[in-house]
>>> print(open('run.txt').read())   # compact mmCIF, C-alpha atoms
# COMPACT_ATOMS: atom_id res chain seq x y z
CA MET E 452 196.33 87.95 225.36
CA GLY E 453 194.39 84.88 226.19
CA SER E 454 191.20 86.04 224.51
CA SER E 455 193.04 87.19 221.38
CA HIS E 456 194.81 83.87 221.11
CA GLY E 457 191.46 82.07 221.35
CA ARG E 458 189.89 84.04 218.50
CA SER E 459 192.90 83.38 216.26
CA ARG E 460 192.63 79.67 216.93
CA ALA E 461 188.93 79.66 216.01
CA ALA E 462 189.58 81.48 212.73
CA ILE E 463 192.28 78.98 211.77
CA ASP E 464 189.91 76.06 212.50
CA HIS E 465 187.23 77.67 210.29
CA ILE E 466 189.65 78.14 207.39
CA GLN E 467 190.74 74.51 207.64
CA LYS E 468 187.13 73.29 207.51
CA MET E 469 186.35 75.41 204.42
CA THR E 470 189.51 74.14 202.75
CA GLN E 471 188.46 70.56 203.41
CA ILE E 472 185.00 71.23 201.91
CA LEU E 473 186.54 72.85 198.81
CA PHE E 474 188.93 69.92 198.28
CA GLY E 475 186.02 67.50 198.66
CA VAL E 476 184.00 69.30 195.96
CA LEU E 477 187.00 69.37 193.60
CA ALA E 478 187.59 65.67 194.15
CA ALA E 479 183.95 64.91 193.36
CA CYS E 480 184.19 66.91 190.15
CA ALA E 481 187.28 65.02 189.14
CA LEU E 482 185.49 61.68 189.59
CA VAL E 483 182.22 62.63 187.86
CA GLY E 484 183.74 64.69 185.07
CA VAL E 485 184.22 68.30 184.32
CA ALA E 486 180.89 68.55 182.43
CA ALA E 487 178.99 67.66 185.60
CA CYS E 488 180.33 70.79 187.24
CA GLY E 489 179.76 73.10 184.24
CA SER E 490 177.60 76.16 184.47
CA GLN E 491 175.16 75.12 181.55
CA PRO E 492 172.23 72.94 182.70
CA GLN E 493 171.47 69.76 180.66
CA PRO E 494 168.01 69.51 179.01
CA ALA E 495 165.49 67.49 180.90
CA PRO E 496 164.29 64.26 179.21
CA SER E 497 160.87 65.82 178.72
CA GLU E 498 162.41 68.56 176.57
CA ALA E 499 164.03 66.03 174.21
CA ILE E 500 160.75 64.16 173.79
CA ALA E 501 158.90 67.38 173.05
CA THR E 502 161.12 68.03 170.01
CA ALA E 503 159.36 65.13 168.16
CA ALA E 504 156.11 66.76 167.08
CA PRO E 505 153.35 64.12 166.93
CA SER E 506 151.21 66.51 164.89
CA GLN E 507 153.69 66.25 162.00
CA ALA E 508 153.38 62.46 161.92
CA ILE E 509 149.62 62.74 161.81
CA ALA E 510 149.77 65.36 159.09
CA THR E 511 151.73 63.02 156.81
CA ALA E 512 148.71 60.68 156.62
CA ALA E 513 146.62 61.30 153.45
CA PRO E 514 143.73 63.63 154.29
CA PRO E 515 140.30 62.07 153.76
CA THR E 516 139.02 65.06 151.77
CA THR E 517 140.34 63.64 148.48
CA ALA E 518 138.38 60.39 148.85
CA VAL E 519 135.25 62.27 149.82
CA ALA E 520 135.52 64.57 146.79
CA THR E 521 135.93 61.59 144.46
CA SER E 522 132.96 59.70 145.85
CA SER E 523 130.73 62.75 145.49
CA ASN E 524 131.23 62.60 141.74
CA SER E 525 130.43 58.89 141.43
CA PRO E 526 126.64 59.21 140.92
CA ALA E 527 127.14 61.47 137.93
CA MET E 528 129.71 59.13 136.43
CA SER E 529 127.45 56.14 137.01
CA SER E 530 124.44 57.76 135.37
CA THR E 531 126.57 58.71 132.35
CA ALA E 532 127.88 55.17 132.02
CA THR E 533 124.39 53.66 132.05
CA SER E 534 122.89 56.07 129.50
CA THR E 535 122.20 54.63 126.04
CA PRO E 536 124.42 56.21 123.37
CA ALA E 537 122.92 57.39 120.13
CA ALA E 538 123.20 54.87 117.30
CA THR E 539 125.66 55.63 114.51
CA ALA E 540 124.32 55.17 110.99
CA VAL E 541 126.30 52.99 108.58
CA ASP E 542 126.28 52.89 104.80
CA PRO E 543 123.71 50.30 103.65
CA ALA E 544 125.83 49.64 100.55
CA ASP E 545 128.38 47.97 102.85
CA PHE E 546 125.80 45.26 103.63
CA SER E 547 124.75 44.43 100.07
CA ALA E 548 123.97 40.71 99.89
CA ASP E 549 123.44 38.29 97.02
CA GLY E 550 122.12 41.06 94.80
CA TYR E 551 118.92 41.01 96.84
CA GLY E 552 118.74 43.87 99.31
CA ILE E 553 121.04 44.03 102.34
CA ALA E 554 121.68 41.43 105.05
CA TRP E 555 123.62 41.21 108.31
CA GLU E 556 123.80 39.42 111.65
CA SER E 557 124.19 40.52 115.24
CA PRO E 558 127.66 40.57 116.88
CA THR E 559 126.77 37.31 118.65
CA GLY E 560 125.80 35.70 115.32
CA LYS E 561 122.45 34.63 116.82
CA ILE E 562 120.14 37.08 115.00
CA TRP E 563 119.98 37.24 111.20
CA CYS E 564 118.27 40.07 109.33
CA ARG E 565 117.57 41.20 105.79
CA ILE E 566 115.88 44.16 104.14
CA ALA E 567 114.90 43.41 100.56
CA PRO E 568 112.08 44.13 98.08
CA GLY E 569 108.88 42.14 98.22
CA GLU E 570 106.17 41.53 100.77
CA TYR E 571 108.20 38.90 102.62
CA GLY E 572 111.68 40.15 101.87
CA SER E 573 112.43 41.93 105.17
CA GLY E 574 112.68 40.79 108.77
CA CYS E 575 114.84 39.01 111.36
CA GLN E 576 115.02 35.48 112.80
CA SER E 577 116.88 33.71 115.62
CA TYR E 578 117.14 30.25 117.17
CA THR E 579 117.59 31.70 120.65
CA ALA E 580 114.67 34.16 120.69
CA PRO E 581 111.42 33.18 122.44
CA VAL E 582 108.33 32.38 120.36
CA PRO E 583 106.64 35.71 119.53
CA ASP E 584 103.06 36.23 120.61
CA GLY E 585 100.72 35.30 117.79
CA ALA E 586 103.20 33.06 115.96
CA ASP E 587 102.05 29.60 114.79
CA CYS E 588 105.05 27.38 115.50
CA VAL E 589 103.34 23.99 115.46
CA SER E 590 105.02 21.71 112.92
CA PRO E 591 104.70 17.96 112.37
CA THR E 592 108.26 17.86 111.04
CA PHE E 593 110.29 20.14 113.30
CA THR E 594 110.52 20.65 117.04
CA ILE E 595 110.34 24.14 118.48
CA ASP E 596 114.10 24.08 119.07
CA GLN E 597 114.72 23.30 115.40
CA LEU E 598 112.74 26.33 114.27
CA THR E 599 113.93 29.92 114.25
CA LYS E 600 111.59 32.57 115.62
CA GLY E 601 111.12 36.07 114.34
CA PHE E 602 109.15 38.54 112.27
CA TYR E 603 108.39 39.58 108.73
CA LEU E 604 108.42 43.35 108.44
CA THR E 605 106.35 45.21 105.84
CA PRO E 606 105.49 48.91 105.51
CA THR E 607 102.10 48.27 107.09
CA ILE E 608 102.29 45.16 109.33
CA VAL E 609 104.63 43.08 111.50
CA LEU E 610 104.01 39.35 111.12
CA PRO E 611 105.33 37.08 113.95
CA THR E 612 106.22 33.58 112.78
CA CYS E 613 108.59 30.62 112.98
CA PHE E 614 110.88 29.50 110.17
CA ASN E 615 112.18 26.08 109.15
CA GLN E 616 114.96 27.59 107.03
CA GLY E 617 117.24 30.59 106.88
CA VAL E 618 114.95 33.11 105.19
CA PHE E 619 116.98 36.21 106.12
CA THR E 620 120.48 34.72 106.07
CA THR E 621 123.20 35.12 103.48
CA GLU E 622 126.25 33.06 102.60
CA PHE E 623 128.75 35.66 103.76
CA PRO E 624 126.95 37.78 106.40
CA LYS E 625 128.47 40.96 107.77
CA ILE E 626 128.22 42.06 111.38
CA LEU E 627 126.16 45.10 112.36
CA PRO E 628 128.09 46.24 115.47
CA TYR E 629 126.39 47.32 118.66
CA ASP E 630 125.13 50.90 118.69
CA MET E 631 125.09 50.98 114.88
CA SER E 632 122.01 51.36 112.67
CA VAL E 633 121.30 50.78 108.99
CA THR E 634 118.49 52.43 107.00
CA THR E 635 117.20 51.49 103.54
CA ASP E 636 113.84 51.41 101.73
CA GLY E 637 112.17 53.17 104.67
CA TYR E 638 113.29 50.60 107.26
CA THR E 639 115.75 51.28 110.09
CA CYS E 640 117.34 48.49 112.13
CA THR E 641 119.53 49.16 115.16
CA SER E 642 121.92 46.73 116.84
CA ARG E 643 122.24 46.97 120.63
CA GLU E 644 123.63 44.74 123.32
CA THR E 645 120.02 44.38 124.47
CA GLY E 646 118.89 43.10 121.05
CA MET E 647 117.94 44.04 117.48
CA THR E 648 115.18 46.57 116.80
CA CYS E 649 113.65 47.32 113.37
CA THR E 650 111.09 50.03 112.58
CA THR E 651 109.23 51.56 109.63
CA PRO E 652 108.53 55.26 108.98
CA THR E 653 105.06 54.78 110.47
CA GLY E 654 106.61 53.76 113.82
CA HIS E 655 105.72 50.08 114.01
CA GLY E 656 108.29 47.31 114.14
CA PHE E 657 109.77 44.67 116.43
CA GLU E 658 112.46 43.99 119.03
CA MET E 659 114.35 40.70 119.31
CA SER E 660 116.84 39.22 121.78
CA MET E 661 117.35 36.02 123.76
CA GLN E 662 114.78 37.30 126.27
CA VAL E 663 112.33 39.25 124.10
CA ALA E 664 110.46 38.84 120.81
CA ARG E 665 107.80 41.53 120.63
CA SER E 666 106.16 43.64 117.97
CA PHE E 667 104.84 47.18 118.39
>>> encode(input="run.txt", output="structure tokens")
Amino acid sequence: MGSSHGRSRAAIDHIQKMTQILFGVLAACALVGVAACGSQPQPAPSEAIATAAPSQAIATAAPPTTAVATSSNSPAMSSTATSTPAATAVDPADFSADGYGIAWESPTGKIWCRIAPGEYGSGCQSYTAPVPDGADCVSPTFTIDQLTKGFYLTPTIVLPTCFNQGVFTTEFPKILPYDMSVTTDGYTCTSRETGMTCTTPTGHGFEMSMQVARSF
């Protein structure tokens, strides 16, 4: 009887200890909250950070391939822009002047030209052009700045000279726009931003600008 009573007492003590442990766990759950004792584990902080894909943020930046493709075309565009366009011919009748041939001036108004009958009826002159090679511009009456410089143009020769009056001007001059040309009586004159050029069918002529006054 004694040994049986001892085993019963030990079993009761064990049950009491387990009950105390169970009540302690339940009390802890009540304080922390039911979710803390749930069966589903909470995601670790590293998992939440991983959901923000850094590769997507990088992908939203504009790819450099577009800029590279554009720059590769720039040399071709530049060469096209710097090429000289063909001159467009205009009707010489639109430049009829004073009943004596045709006359016009450059878009800047600094070069005056005329093509008209007679040995000295055609040519161009300008105050701002340099003195052409071979021109005699010595005058006891006028300074070099008071003289215009230019050329007479004939079917056979180009004569460089200086003028003390407006030989090739007209009272109401018209503008020959840049990249336009006018042809009459075998002469062709072309207006460019780089200057005025006039030629004959034989290929000789002259070029005039603020920097150049040359015959060829």
>>> atom_distance(input="run.txt", atom1="atom CA of Phe667 of chain E", atom2="atom CA of Cys588 of chain E")
20.0 Å
>>> atom_distance(input="run.txt", atom1="atom CA of Val633 of chain E", atom2="atom CA of Ser547 of chain E")
11.5 Å
>>> atom_distance(input="run.txt", atom1="atom CA of Tyr571 of chain E", atom2="atom CA of Pro543 of chain E")
19.3 Å
>>> residues_around(input="run.txt", residues="Cys640 of chain E", least_positions_apart="5", cutoff="10 Å", atoms="only C-alpha atoms", output="list of chain:residue names")
E:Ala540, E:Cys564, E:Arg565, E:Ile566, E:Gly574, E:Cys575, E:Leu627, E:Met631, E:Ser632, E:Val633, E:Thr634, E:Thr635, E:Met647, E:Thr648, E:Cys649, E:Thr650, E:Thr651, E:Gly656, E:Phe657, E:Glu658
>>> write_last_selection(input="run.txt", atoms="C-alpha atoms", output="short mmCIF file (atom, residue, chain, number, x, y, z; two decimals), in the frame of the given file")
data_model
loop_
_atom_site.label_atom_id
_atom_site.label_comp_id
_atom_site.auth_asym_id
_atom_site.auth_seq_id
_atom_site.Cartn_x
_atom_site.Cartn_y
_atom_site.Cartn_z
CA ALA E 540 124.32 55.17 110.99
CA CYS E 564 118.27 40.07 109.33
CA ARG E 565 117.57 41.20 105.79
CA ILE E 566 115.88 44.16 104.14
CA GLY E 574 112.68 40.79 108.77
CA CYS E 575 114.84 39.01 111.36
CA LEU E 627 126.16 45.10 112.36
CA MET E 631 125.09 50.98 114.88
CA SER E 632 122.01 51.36 112.67
CA VAL E 633 121.30 50.78 108.99
CA THR E 634 118.49 52.43 107.00
CA THR E 635 117.20 51.49 103.54
CA MET E 647 117.94 44.04 117.48
CA THR E 648 115.18 46.57 116.80
CA CYS E 649 113.65 47.32 113.37
CA THR E 650 111.09 50.03 112.58
CA THR E 651 109.23 51.56 109.63
CA GLY E 656 108.29 47.31 114.14
CA PHE E 657 109.77 44.67 116.43
CA GLU E 658 112.46 43.99 119.03
#
>>> residues_around(input="run.txt", residues="Tyr578 of chain E", least_positions_apart="2", cutoff="10 Å", atoms="all atoms listed in the file", output="PyMOL selection string")
chain E and resi 561-563+576+580-582+595-601+613-614+661
>>> closest_residue(input="run.txt", among="E:Ser642, E:Ile553, E:Pro611, E:Val663", to="Asp584 of chain E", atoms="all atoms listed in the file")
E:Pro611
>>> residues_near_point(input="run.txt", point="(125.8, 47.9, 121.6)", cutoff="9 Å", atoms="all atoms listed in the file", output="list in words")
Thr535, Pro536, Ala538, Pro558, Pro628, Tyr629, Asp630, Met631, Ser642, Arg643, Glu644, Thr645 and Gly646 of chain E
>>> residues_around(input="run.txt", residues="Trp555 of chain E", least_positions_apart="6", cutoff="6 Å", atoms="only C-alpha atoms", output="JSON list (two decimals) with C-alpha atoms, in the frame of the given file")
[["chain", "number", "residue", "atom", "x", "y", "z"],
["E", 564, "CYS", "CA", 118.27, 40.07, 109.33],
["E", 624, "PRO", "CA", 126.95, 37.78, 106.40],
["E", 625, "LYS", "CA", 128.47, 40.96, 107.77],
["E", 626, "ILE", "CA", 128.22, 42.06, 111.38]]
>>> closest_residue(input="run.txt", among="E:Thr559, E:Asp545, E:Gly552, E:Ala664", to="Ala586 of chain E", atoms="all atoms listed in the file")
E:Ala664
